[in-house]
Amino acid sequence: MEFQAHQIKDILKIDYRYTMGGQSKFFIELMNNKKLLGTKCTKCGKIWMPPRINCSECYEPAEWVEMKQTGTIDVSTIVWYTTSAFIKAIPYGIGFIRLDGADTAMLQGIFSESLIPSKVKKGKKVRAVFQKEREGKMTDFFFVPEDEYESWIIKSEYEGGSE
Amino acid sequence: MEKVAIIGIGITPFKARYLDKTYFELAYDATKLALEDANKQGAEITHKDLESTVYGIYNELFERQFMPDIFINSYIGMNNKPGTRIATGGATGGYTVRMAYAEVASGLSDLCLCLGVEKCNDCYDVQTGTTTPEVLNAIAYSADMTYEYPMGMMAASSYVSMVNAHFEEFGSPTEEQMALVSVKNHGNAISNPKAQSPMKITVEDVMNSRIICYPFKMLDCCLYSEASAALILANEEKVKELKVENPIWISGVGAANTDCFIGNREDMGRLYSNIYAAKVAYKMAGLDYDKIKEQIDVAELHDAFSGQEVISYEELGFVPFGEGGKWIEEGGPMIDGELPCCPCGGLIGCGHAVGATGIMSTGEAALQLRGDAGKHQVIIEKGRGLAHSIGGPGAAYAAIIIMENEEAR
Ligand SMILES: [Zn+2]
């Protein structure tokens, strides 16, 4: 007898209330005060951004420090094909941003009026822009080329940081 | 430690989708093929002789089943024996070989099954009516869920970050140099009947394929695949007892997990896990990081993305840093080149059956050393080969396996 294939439709879904633990302050300050907090190791002085409350190198605590909201692109890409969760957002820019003074770089969205590779290249100065409606999540902010900052913060859904 | 040999190799065809097989049926197929291969080499064994299993299983969401290993264990008739699951992203296969090696080298088992299975393309994106975006989404949960997943990070954008940083530092690999990897691996796959994407293409075809994330194009990326791959490992006494002809000895295993946050790395244009894993494996095998290209006959590399294969030439010590692009322009890694890389087609040519891929690569290198690779057989003079696995967020996991055919040396 000829083989006949059979498939079952299904979906897996779990709801969460995901604990931010010792990192909570980062998200609360982001949401309430548009501040970007990093942490500084009490022993080696390394500045972690994204923050961690313990220095993974020294095994000593790291203290909260307010970071500048300007930084430099270390590396970036523009995404044209992606996962089902983000496919409606294409094309979008993402990159590793080193905030001024930080020893590590954080992944963030890079928005630009002209999203072309040369606009979001390594070495470009960027500045944080915040959503007016914030939920205490990484998507509460993104980066734009410094020379586009003024044109982004006048848009109705966005605003400038606390600096 | 006991000496450990590969005595049986079973690889199923790599396909976009198996509608006629479940995940568990695929696992059974590779196991059966590996047993048949061992018996062709002179052993007379069945699954009842296998004492333990190490399972390479990447991700639960693909399989729609948590702890898939225990259900495979039942289906392949391995009840009441130890089975251990390994999950290290794209490097799952290589790490699974490493732990199966440890199972035998430690003396815990005389005969061990190393089995990787993948059935990823049951994921389905309803909004586009296609498979891949949902497969990519299931993978994207491997990114850091707090800081990186919400930014739309996925496998390609993670790897491309390192490739772009490498290019900024060295001016290589260029888009054309990356395209050469795609041309090579799709082309090599033509001689591999098990490959999913055999294609005769040009650099221009790659350059003109649709952009995925700058500068990776469609043909720079591997396709996700369904398949299984199995190896049977034995210690020296068992090899003698079973009178196995042509055992392929595992002479070096190396693995390393580098920082999964690319932004924490000293240089973003490095897949540090490659460098550490290679150095450990070479040292164990008595080989040299800066002479390795002259010491092995074949390398089955993990070419999830073309640009990442080029960087791997450098990080595995084949050529100095910054010269990987030049090396492929000169033909070094071509099937008739100085050191053939991915003669089976690699991931770009065969497809990437994540849980099985590194076991397939190890099996392919072992087949080459045995002289059993078929139409894509390369010349074996030194009797040594290498298999490479890499994966995880920011390519944080890597494993390297060195194999030897003592008869060929
Ligand atoms: Zn410290």
# chains A, B, ... in the order shown; residues from 1 in each chain; ligands from 1

call {"tool": "closest_atom_pairs", "arguments": {"of": "chain A", "to": "chain B", "cutoff": "9 Å", "atoms": "only C-alpha atoms", "output": "Markdown table"}}
result
| residue | atom | partner | partner_atom | distance |
| --- | --- | --- | --- | --- |
| A:Phe3 | CA | B:Asp20 | CA | 7.5 |
| A:Gln4 | CA | B:Asp20 | CA | 8.0 |
| A:Ala5 | CA | B:Leu19 | CA | 5.8 |
| A:His6 | CA | B:Leu19 | CA | 7.7 |
| A:Gln7 | CA | B:Leu19 | CA | 8.3 |
| A:Asp10 | CA | B:Arg64 | CA | 8.8 |
| A:Ile11 | CA | B:Arg64 | CA | 8.7 |
| A:Leu12 | CA | B:Arg64 | CA | 7.8 |
| A:Met20 | CA | B:Thr146 | CA | 8.5 |
| A:Trp48 | CA | B:Asn264 | CA | 8.5 |
| A:Met49 | CA | B:Gly263 | CA | 8.8 |
| A:Pro50 | CA | B:Tyr147 | CA | 7.5 |
| A:Asp74 | CA | B:Ala165 | CA | 7.7 |
| A:Val75 | CA | B:Ala165 | CA | 5.8 |
| A:Ser76 | CA | B:Ser161 | CA | 6.1 |
| A:Thr77 | CA | B:Tyr214 | CA | 5.4 |
| A:Ile78 | CA | B:Tyr214 | CA | 5.3 |
| A:Val79 | CA | B:Cys213 | CA | 4.2 |
| A:Trp80 | CA | B:Ile212 | CA | 5.0 |
| A:Tyr81 | CA | B:Ile212 | CA | 4.9 |
| A:Thr82 | CA | B:Pro133 | CA | 6.1 |
| A:Thr83 | CA | B:Pro133 | CA | 4.3 |
| A:Ser84 | CA | B:Pro133 | CA | 4.5 |
| A:Ala85 | CA | B:Asn137 | CA | 6.6 |
| A:Phe86 | CA | B:Gly152 | CA | 6.1 |
| A:Ile87 | CA | B:Pro133 | CA | 7.6 |
| A:Ala89 | CA | B:Gly152 | CA | 8.9 |
| A:Pro91 | CA | B:Cys213 | CA | 8.9 |
| A:Tyr92 | CA | B:Gly152 | CA | 8.6 |
| A:Ile94 | CA | B:Met151 | CA | 7.2 |
| A:Gly95 | CA | B:Ser161 | CA | 7.7 |
| A:Phe96 | CA | B:Gly263 | CA | 6.2 |
| A:Ile97 | CA | B:Gly263 | CA | 8.1 |
| A:Arg98 | CA | B:Gly263 | CA | 8.1 |
| A:Asp103 | CA | B:Asn264 | CA | 7.9 |
| A:Thr104 | CA | B:Asn264 | CA | 4.9 |
| A:Ala105 | CA | B:Gly263 | CA | 4.2 |
| A:Met106 | CA | B:Gly263 | CA | 5.7 |
| A:Leu107 | CA | B:Glu148 | CA | 6.1 |
| A:Gln108 | CA | B:Met151 | CA | 6.0 |
| A:Gly109 | CA | B:Met151 | CA | 6.0 |
| A:Pro117 | CA | B:Tyr214 | CA | 7.6 |
| A:Lys122 | CA | B:Glu168 | CA | 7.8 |
| A:Lys137 | CA | B:Thr146 | CA | 8.2 |
| A:Met138 | CA | B:Tyr147 | CA | 6.2 |
| A:Thr139 | CA | B:Pro150 | CA | 6.6 |

call {"tool": "residues_near_ligand", "arguments": {"ligand": "ligand 1", "cutoff": "8 Å", "atoms": "only C-alpha atoms and all ligand atoms", "output": "list in words"}}
result
Lys40, Cys41, Thr42, Lys43, Cys44, Gly45, Lys46, Cys55, Ser56, Glu57, Cys58, Tyr59, Glu60, Pro61 and Ala62 of chain A

call {"tool": "write_last_selection", "arguments": {"atoms": "N, CA, C and O atoms", "output": "PDB file, in the first residue's frame"}}
result
ATOM      1  N   LYS A  40      30.045  48.367  38.499  1.00  0.00           N
ATOM      2  CA  LYS A  40      31.506  48.459  38.550  1.00  0.00           C
ATOM      3  C   LYS A  40      32.012  47.507  39.624  1.00  0.00           C
ATOM      4  O   LYS A  40      31.543  47.545  40.769  1.00  0.00           O
ATOM      5  N   CYS A  41      32.938  46.653  39.252  1.00  0.00           N
ATOM      6  CA  CYS A  41      33.497  45.680  40.202  1.00  0.00           C
ATOM      7  C   CYS A  41      34.227  46.414  41.319  1.00  0.00           C
ATOM      8  O   CYS A  41      35.031  47.316  41.060  1.00  0.00           O
ATOM      9  N   THR A  42      33.945  46.024  42.568  1.00  0.00           N
ATOM     10  CA  THR A  42      34.578  46.690  43.718  1.00  0.00           C
ATOM     11  C   THR A  42      36.058  46.335  43.814  1.00  0.00           C
ATOM     12  O   THR A  42      36.799  46.969  44.544  1.00  0.00           O
ATOM     13  N   LYS A  43      36.486  45.303  43.103  1.00  0.00           N
ATOM     14  CA  LYS A  43      37.903  44.937  43.166  1.00  0.00           C
ATOM     15  C   LYS A  43      38.680  45.420  41.936  1.00  0.00           C
ATOM     16  O   LYS A  43      39.595  46.226  42.047  1.00  0.00           O
ATOM     17  N   CYS A  44      38.286  44.951  40.729  1.00  0.00           N
ATOM     18  CA  CYS A  44      39.096  45.256  39.546  1.00  0.00           C
ATOM     19  C   CYS A  44      38.621  46.527  38.834  1.00  0.00           C
ATOM     20  O   CYS A  44      39.311  47.046  37.964  1.00  0.00           O
ATOM     21  N   GLY A  45      37.431  47.021  39.186  1.00  0.00           N
ATOM     22  CA  GLY A  45      36.939  48.266  38.591  1.00  0.00           C
ATOM     23  C   GLY A  45      36.324  48.096  37.215  1.00  0.00           C
ATOM     24  O   GLY A  45      35.921  49.078  36.581  1.00  0.00           O
ATOM     25  N   LYS A  46      36.225  46.867  36.744  1.00  0.00           N
ATOM     26  CA  LYS A  46      35.617  46.631  35.424  1.00  0.00           C
ATOM     27  C   LYS A  46      34.163  47.091  35.423  1.00  0.00           C
ATOM     28  O   LYS A  46      33.422  46.822  36.364  1.00  0.00           O
ATOM     29  N   CYS A  55      31.131  40.378  39.987  1.00  0.00           N
ATOM     30  CA  CYS A  55      32.156  40.341  38.940  1.00  0.00           C
ATOM     31  C   CYS A  55      32.521  38.882  38.690  1.00  0.00           C
ATOM     32  O   CYS A  55      32.985  38.186  39.593  1.00  0.00           O
ATOM     33  N   SER A  56      32.298  38.437  37.452  1.00  0.00           N
ATOM     34  CA  SER A  56      32.541  37.031  37.117  1.00  0.00           C
ATOM     35  C   SER A  56      34.025  36.711  37.091  1.00  0.00           C
ATOM     36  O   SER A  56      34.404  35.547  37.096  1.00  0.00           O
ATOM     37  N   GLU A  57      34.863  37.741  37.030  1.00  0.00           N
ATOM     38  CA  GLU A  57      36.306  37.509  37.011  1.00  0.00           C
ATOM     39  C   GLU A  57      36.898  37.484  38.411  1.00  0.00           C
ATOM     40  O   GLU A  57      37.771  36.685  38.713  1.00  0.00           O
ATOM     41  N   CYS A  58      36.467  38.397  39.275  1.00  0.00           N
ATOM     42  CA  CYS A  58      37.061  38.521  40.618  1.00  0.00           C
ATOM     43  C   CYS A  58      36.287  37.798  41.702  1.00  0.00           C
ATOM     44  O   CYS A  58      36.780  37.637  42.806  1.00  0.00           O
ATOM     45  N   TYR A  59      35.037  37.420  41.413  1.00  0.00           N
ATOM     46  CA  TYR A  59      34.172  36.850  42.452  1.00  0.00           C
ATOM     47  C   TYR A  59      33.980  37.820  43.613  1.00  0.00           C
ATOM     48  O   TYR A  59      34.005  37.456  44.786  1.00  0.00           O
ATOM     49  N   GLU A  60      33.842  39.090  43.263  1.00  0.00           N
ATOM     50  CA  GLU A  60      33.566  40.139  44.248  1.00  0.00           C
ATOM     51  C   GLU A  60      32.314  40.877  43.769  1.00  0.00           C
ATOM     52  O   GLU A  60      31.966  40.808  42.590  1.00  0.00           O
ATOM     53  N   PRO A  61      31.626  41.596  44.684  1.00  0.00           N
ATOM     54  CA  PRO A  61      30.430  42.328  44.262  1.00  0.00           C
ATOM     55  C   PRO A  61      30.751  43.468  43.299  1.00  0.00           C
ATOM     56  O   PRO A  61      31.870  44.013  43.326  1.00  0.00           O
ATOM     57  N   ALA A  62      29.780  43.820  42.474  1.00  0.00           N
ATOM     58  CA  ALA A  62      29.903  44.992  41.596  1.00  0.00           C
ATOM     59  C   ALA A  62      28.821  45.991  41.994  1.00  0.00           C
ATOM     60  O   ALA A  62      27.700  45.586  42.299  1.00  0.00           O
TER      61      ALA A  62
END

call {"tool": "residues_around", "arguments": {"residues": "B:Asp290", "least_positions_apart": "5", "cutoff": "12 Å", "atoms": "only C-alpha atoms", "output": "number ranges by chain"}}
result
B: 275, 278-279, 282-283, 295, 313-321

call {"tool": "residues_around", "arguments": {"residues": "B:Ala353", "least_positions_apart": "4", "cutoff": "9 Å", "atoms": "only C-alpha atoms", "output": "number ranges by chain"}}
result
B: 14-15, 90, 116-120, 223-228, 347, 357-358

call {"tool": "select_by_dssp", "arguments": {"residues": "chain A", "states": "strand (DSSP E or B)", "output": "ChimeraX atom specification"}}
result
/A:37-41,47-48,54,61-66,70-79,92-99,106-110,125-131,141-145,158-159

call {"tool": "residues_around", "arguments": {"residues": "B:Gly94", "least_positions_apart": "4", "cutoff": "7 Å", "atoms": "only C-alpha atoms", "output": "list in words"}}
result
Arg98, Gly358, Ile359, His388, Ser389, Ala399 and Ile400 of chain B

call {"tool": "residues_around", "arguments": {"residues": "stretch 154-162 of chain A", "least_positions_apart": "2", "cutoff": "8 Å", "atoms": "only C-alpha atoms", "output": "PDB file with all heavy atoms, in the first residue's frame"}}
result
ATOM      1  N   ASN A  33      13.062  56.253  35.212  1.00  0.00           N
ATOM      2  CA  ASN A  33      13.894  57.459  35.147  1.00  0.00           C
ATOM      3  C   ASN A  33      14.721  57.579  33.872  1.00  0.00           C
ATOM      4  O   ASN A  33      15.561  58.477  33.779  1.00  0.00           O
ATOM      5  CB  ASN A  33      14.814  57.510  36.375  1.00  0.00           C
ATOM      6  CG  ASN A  33      14.008  57.504  37.670  1.00  0.00           C
ATOM      7  OD1 ASN A  33      13.004  58.218  37.772  1.00  0.00           O
ATOM      8  ND2 ASN A  33      14.411  56.679  38.617  1.00  0.00           N
ATOM      9  N   LYS A  34      14.513  56.666  32.923  1.00  0.00           N
ATOM     10  CA  LYS A  34      15.265  56.692  31.664  1.00  0.00           C
ATOM     11  C   LYS A  34      16.772  56.738  31.926  1.00  0.00           C
ATOM     12  O   LYS A  34      17.518  57.406  31.214  1.00  0.00           O
ATOM     13  CB  LYS A  34      14.839  57.893  30.799  1.00  0.00           C
ATOM     14  CG  LYS A  34      13.397  57.807  30.327  1.00  0.00           C
ATOM     15  CD  LYS A  34      13.037  58.933  29.393  1.00  0.00           C
ATOM     16  CE  LYS A  34      12.913  60.248  30.113  1.00  0.00           C
ATOM     17  NZ  LYS A  34      12.548  61.356  29.212  1.00  0.00           N
ATOM     18  N   LYS A  35      17.212  56.051  32.972  1.00  0.00           N
ATOM     19  CA  LYS A  35      18.644  55.975  33.252  1.00  0.00           C
ATOM     20  C   LYS A  35      19.176  54.626  32.777  1.00  0.00           C
ATOM     21  O   LYS A  35      18.452  53.632  32.795  1.00  0.00           O
ATOM     22  CB  LYS A  35      18.885  56.100  34.761  1.00  0.00           C
ATOM     23  CG  LYS A  35      18.727  57.532  35.249  1.00  0.00           C
ATOM     24  CD  LYS A  35      19.067  57.664  36.707  1.00  0.00           C
ATOM     25  CE  LYS A  35      18.981  59.140  37.102  1.00  0.00           C
ATOM     26  NZ  LYS A  35      19.133  59.328  38.551  1.00  0.00           N
ATOM     27  N   GLN A  69      24.757  58.062  28.173  1.00  0.00           N
ATOM     28  CA  GLN A  69      23.801  57.478  27.218  1.00  0.00           C
ATOM     29  C   GLN A  69      24.306  57.590  25.788  1.00  0.00           C
ATOM     30  O   GLN A  69      23.560  57.400  24.826  1.00  0.00           O
ATOM     31  CB  GLN A  69      22.434  58.130  27.415  1.00  0.00           C
ATOM     32  CG  GLN A  69      21.960  57.860  28.853  1.00  0.00           C
ATOM     33  CD  GLN A  69      20.514  58.149  29.103  1.00  0.00           C
ATOM     34  OE1 GLN A  69      19.834  58.735  28.275  1.00  0.00           O
ATOM     35  NE2 GLN A  69      20.036  57.734  30.262  1.00  0.00           N
ATOM     36  N   ALA A 128      21.277  57.027  23.061  1.00  0.00           N
ATOM     37  CA  ALA A 128      20.058  56.294  23.426  1.00  0.00           C
ATOM     38  C   ALA A 128      18.823  57.171  23.275  1.00  0.00           C
ATOM     39  O   ALA A 128      18.823  58.349  23.643  1.00  0.00           O
ATOM     40  CB  ALA A 128      20.158  55.789  24.853  1.00  0.00           C
ATOM     41  N   VAL A 129      17.751  56.579  22.718  1.00  0.00           N
ATOM     42  CA  VAL A 129      16.425  57.205  22.623  1.00  0.00           C
ATOM     43  C   VAL A 129      15.451  56.251  23.325  1.00  0.00           C
ATOM     44  O   VAL A 129      15.608  55.022  23.236  1.00  0.00           O
ATOM     45  CB  VAL A 129      16.031  57.415  21.141  1.00  0.00           C
ATOM     46  CG1 VAL A 129      14.574  57.838  21.018  1.00  0.00           C
ATOM     47  CG2 VAL A 129      16.946  58.434  20.485  1.00  0.00           C
ATOM     48  N   PHE A 130      14.490  56.828  24.044  1.00  0.00           N
ATOM     49  CA  PHE A 130      13.606  56.002  24.875  1.00  0.00           C
ATOM     50  C   PHE A 130      12.169  56.023  24.354  1.00  0.00           C
ATOM     51  O   PHE A 130      11.716  57.032  23.801  1.00  0.00           O
ATOM     52  CB  PHE A 130      13.629  56.527  26.325  1.00  0.00           C
ATOM     53  CG  PHE A 130      14.985  56.348  26.962  1.00  0.00           C
ATOM     54  CD1 PHE A 130      16.029  57.233  26.673  1.00  0.00           C
ATOM     55  CD2 PHE A 130      15.232  55.288  27.818  1.00  0.00           C
ATOM     56  CE1 PHE A 130      17.279  57.060  27.231  1.00  0.00           C
ATOM     57  CE2 PHE A 130      16.494  55.113  28.377  1.00  0.00           C
ATOM     58  CZ  PHE A 130      17.518  56.003  28.084  1.00  0.00           C
ATOM     59  N   GLN A 131      11.478  54.919  24.580  1.00  0.00           N
ATOM     60  CA  GLN A 131      10.042  54.867  24.300  1.00  0.00           C
ATOM     61  C   GLN A 131       9.338  55.737  25.343  1.00  0.00           C
ATOM     62  O   GLN A 131       9.724  55.744  26.511  1.00  0.00           O
ATOM     63  CB  GLN A 131       9.510  53.426  24.462  1.00  0.00           C
ATOM     64  CG  GLN A 131      10.214  52.385  23.610  1.00  0.00           C
ATOM     65  CD  GLN A 131       9.709  52.328  22.190  1.00  0.00           C
ATOM     66  OE1 GLN A 131       8.730  53.016  21.836  1.00  0.00           O
ATOM     67  NE2 GLN A 131      10.384  51.548  21.359  1.00  0.00           N
ATOM     68  N   LYS A 132       8.276  56.428  24.939  1.00  0.00           N
ATOM     69  CA  LYS A 132       7.495  57.178  25.941  1.00  0.00           C
ATOM     70  C   LYS A 132       6.772  56.203  26.869  1.00  0.00           C
ATOM     71  O   LYS A 132       6.682  56.407  28.062  1.00  0.00           O
ATOM     72  CB  LYS A 132       6.489  58.100  25.243  1.00  0.00           C
ATOM     73  CG  LYS A 132       7.105  59.455  24.968  1.00  0.00           C
ATOM     74  CD  LYS A 132       6.069  60.526  24.681  1.00  0.00           C
ATOM     75  CE  LYS A 132       6.811  61.822  24.365  1.00  0.00           C
ATOM     76  NZ  LYS A 132       6.293  62.503  23.193  1.00  0.00           N
ATOM     77  N   GLU A 133       6.226  55.143  26.274  1.00  0.00           N
ATOM     78  CA  GLU A 133       5.573  54.093  27.079  1.00  0.00           C
ATOM     79  C   GLU A 133       6.612  53.021  27.383  1.00  0.00           C
ATOM     80  O   GLU A 133       7.016  52.296  26.487  1.00  0.00           O
ATOM     81  CB  GLU A 133       4.430  53.452  26.274  1.00  0.00           C
ATOM     82  CG  GLU A 133       3.373  54.416  25.791  1.00  0.00           C
ATOM     83  CD  GLU A 133       2.416  54.811  26.906  1.00  0.00           C
ATOM     84  OE1 GLU A 133       2.231  54.006  27.832  1.00  0.00           O
ATOM     85  OE2 GLU A 133       1.879  55.935  26.847  1.00  0.00           O
ATOM     86  N   GLU A 150      18.268  64.455  17.581  1.00  0.00           N
ATOM     87  CA  GLU A 150      17.220  65.480  17.739  1.00  0.00           C
ATOM     88  C   GLU A 150      15.970  65.124  16.935  1.00  0.00           C
ATOM     89  O   GLU A 150      14.859  65.353  17.382  1.00  0.00           O
ATOM     90  CB  GLU A 150      17.742  66.865  17.310  1.00  0.00           C
ATOM     91  CG  GLU A 150      18.904  67.390  18.161  1.00  0.00           C
ATOM     92  CD  GLU A 150      18.568  67.549  19.646  1.00  0.00           C
ATOM     93  OE1 GLU A 150      17.364  67.773  19.968  1.00  0.00           O
ATOM     94  OE2 GLU A 150      19.486  67.419  20.485  1.00  0.00           O
ATOM     95  N   SER A 151      16.174  64.528  15.760  1.00  0.00           N
ATOM     96  CA  SER A 151      15.014  64.228  14.921  1.00  0.00           C
ATOM     97  C   SER A 151      14.234  63.021  15.446  1.00  0.00           C
ATOM     98  O   SER A 151      13.058  62.861  15.128  1.00  0.00           O
ATOM     99  CB  SER A 151      15.447  64.014  13.467  1.00  0.00           C
ATOM    100  OG  SER A 151      16.241  62.859  13.361  1.00  0.00           O
ATOM    101  N   TRP A 152      14.859  62.186  16.253  1.00  0.00           N
ATOM    102  CA  TRP A 152      14.142  61.032  16.815  1.00  0.00           C
ATOM    103  C   TRP A 152      13.356  61.411  18.067  1.00  0.00           C
ATOM    104  O   TRP A 152      12.236  60.935  18.261  1.00  0.00           O
ATOM    105  CB  TRP A 152      15.115  59.883  17.141  1.00  0.00           C
ATOM    106  CG  TRP A 152      15.522  59.132  15.906  1.00  0.00           C
ATOM    107  CD1 TRP A 152      16.588  59.387  15.102  1.00  0.00           C
ATOM    108  CD2 TRP A 152      14.830  58.035  15.305  1.00  0.00           C
ATOM    109  NE1 TRP A 152      16.619  58.518  14.044  1.00  0.00           N
ATOM    110  CE2 TRP A 152      15.553  57.664  14.147  1.00  0.00           C
ATOM    111  CE3 TRP A 152      13.675  57.321  15.622  1.00  0.00           C
ATOM    112  CZ2 TRP A 152      15.147  56.618  13.314  1.00  0.00           C
ATOM    113  CZ3 TRP A 152      13.286  56.273  14.806  1.00  0.00           C
ATOM    114  CH2 TRP A 152      14.023  55.935  13.647  1.00  0.00           C
TER     115      TRP A 152
END

call {"tool": "residues_around", "arguments": {"residues": "B:Ile7", "least_positions_apart": "6", "cutoff": "7 Å", "atoms": "only C-alpha atoms", "output": "ChimeraX atom specification"}}
result
/B:38,232-234,244,247-248

call {"tool": "write_last_selection", "arguments": {"atoms": "C-alpha atoms", "output": "PDB file, in the first residue's frame"}}
result
ATOM      1  CA  ALA B  38      30.387  -2.308  12.163  1.00  0.00           C
ATOM      2  CA  ILE B 232      29.755   2.954  17.517  1.00  0.00           C
ATOM      3  CA  LEU B 233      32.806   3.426  19.722  1.00  0.00           C
ATOM      4  CA  ALA B 234      34.885   0.601  21.154  1.00  0.00           C
ATOM      5  CA  VAL B 244      37.294  -5.162  13.515  1.00  0.00           C
ATOM      6  CA  PRO B 247      39.178   0.915  13.192  1.00  0.00           C
ATOM      7  CA  ILE B 248      39.494   4.694  13.163  1.00  0.00           C
TER       8      ILE B 248
END

call {"tool": "select_by_dssp", "arguments": {"residues": "stretch 22-195 of chain B", "states": "alpha helix (DSSP H)", "output": "PyMOL selection string"}}
result
chain B and resi 23-40+60-63+68-75+92-105+132-140+155-170+175-188

call {"tool": "atom_distance", "arguments": {"atom1": "atom CA of B:Ala27", "atom2": "atom CA of B:Pro13"}}
result
12.3 Å

call {"tool": "closest_residue", "arguments": {"among": "B:Ile70, B:Ala5, B:Met403, B:Val354", "to": "B:Thr88", "atoms": "only C-alpha atoms"}}
result
B:Val354

call {"tool": "decode", "arguments": {"residues": "stretch 121-133 of chain B", "atoms": "N, CA and C atoms", "output": "PDB file, in the first residue's frame"}}
result
ATOM      1  N   ASN B 121      12.125  20.570  11.166  1.00  0.00           N
ATOM      2  CA  ASN B 121      11.243  21.273  10.235  1.00  0.00           C
ATOM      3  C   ASN B 121       9.769  20.939  10.395  1.00  0.00           C
ATOM      4  N   ASP B 122       9.405  20.391  11.563  1.00  0.00           N
ATOM      5  CA  ASP B 122       7.991  20.312  11.925  1.00  0.00           C
ATOM      6  C   ASP B 122       7.515  21.666  12.457  1.00  0.00           C
ATOM      7  N   CYS B 123       8.451  22.530  12.857  1.00  0.00           N
ATOM      8  CA  CYS B 123       8.083  23.899  13.248  1.00  0.00           C
ATOM      9  C   CYS B 123       7.470  24.578  12.016  1.00  0.00           C
ATOM     10  N   TYR B 124       6.447  25.364  12.238  1.00  0.00           N
ATOM     11  CA  TYR B 124       5.727  25.947  11.100  1.00  0.00           C
ATOM     12  C   TYR B 124       5.233  27.341  11.455  1.00  0.00           C
ATOM     13  N   ASP B 125       5.568  28.312  10.618  1.00  0.00           N
ATOM     14  CA  ASP B 125       5.149  29.692  10.850  1.00  0.00           C
ATOM     15  C   ASP B 125       3.838  29.958  10.120  1.00  0.00           C
ATOM     16  N   VAL B 126       2.802  30.135  10.885  1.00  0.00           N
ATOM     17  CA  VAL B 126       1.465  30.291  10.307  1.00  0.00           C
ATOM     18  C   VAL B 126       1.360  31.592   9.493  1.00  0.00           C
ATOM     19  N   GLN B 127       1.983  32.692  10.001  1.00  0.00           N
ATOM     20  CA  GLN B 127       1.802  33.991   9.324  1.00  0.00           C
ATOM     21  C   GLN B 127       2.403  34.022   7.916  1.00  0.00           C
ATOM     22  N   THR B 128       3.570  33.380   7.707  1.00  0.00           N
ATOM     23  CA  THR B 128       4.148  33.384   6.358  1.00  0.00           C
ATOM     24  C   THR B 128       3.781  32.110   5.591  1.00  0.00           C
ATOM     25  N   GLY B 129       3.214  31.128   6.300  1.00  0.00           N
ATOM     26  CA  GLY B 129       2.916  29.859   5.644  1.00  0.00           C
ATOM     27  C   GLY B 129       4.170  29.114   5.233  1.00  0.00           C
ATOM     28  N   THR B 130       5.282  29.364   5.961  1.00  0.00           N
ATOM     29  CA  THR B 130       6.543  28.679   5.666  1.00  0.00           C
ATOM     30  C   THR B 130       7.138  28.131   6.969  1.00  0.00           C
ATOM     31  N   THR B 131       8.159  27.315   6.797  1.00  0.00           N
ATOM     32  CA  THR B 131       8.768  26.628   7.935  1.00  0.00           C
ATOM     33  C   THR B 131       9.829  27.479   8.638  1.00  0.00           C
ATOM     34  N   THR B 132      10.729  28.058   7.833  1.00  0.00           N
ATOM     35  CA  THR B 132      11.979  28.586   8.386  1.00  0.00           C
ATOM     36  C   THR B 132      11.831  29.650   9.484  1.00  0.00           C
ATOM     37  N   PRO B 133      10.947  30.643   9.338  1.00  0.00           N
ATOM     38  CA  PRO B 133      10.900  31.650  10.414  1.00  0.00           C
ATOM     39  C   PRO B 133      10.589  31.054  11.795  1.00  0.00           C
TER      40      PRO B 133
END
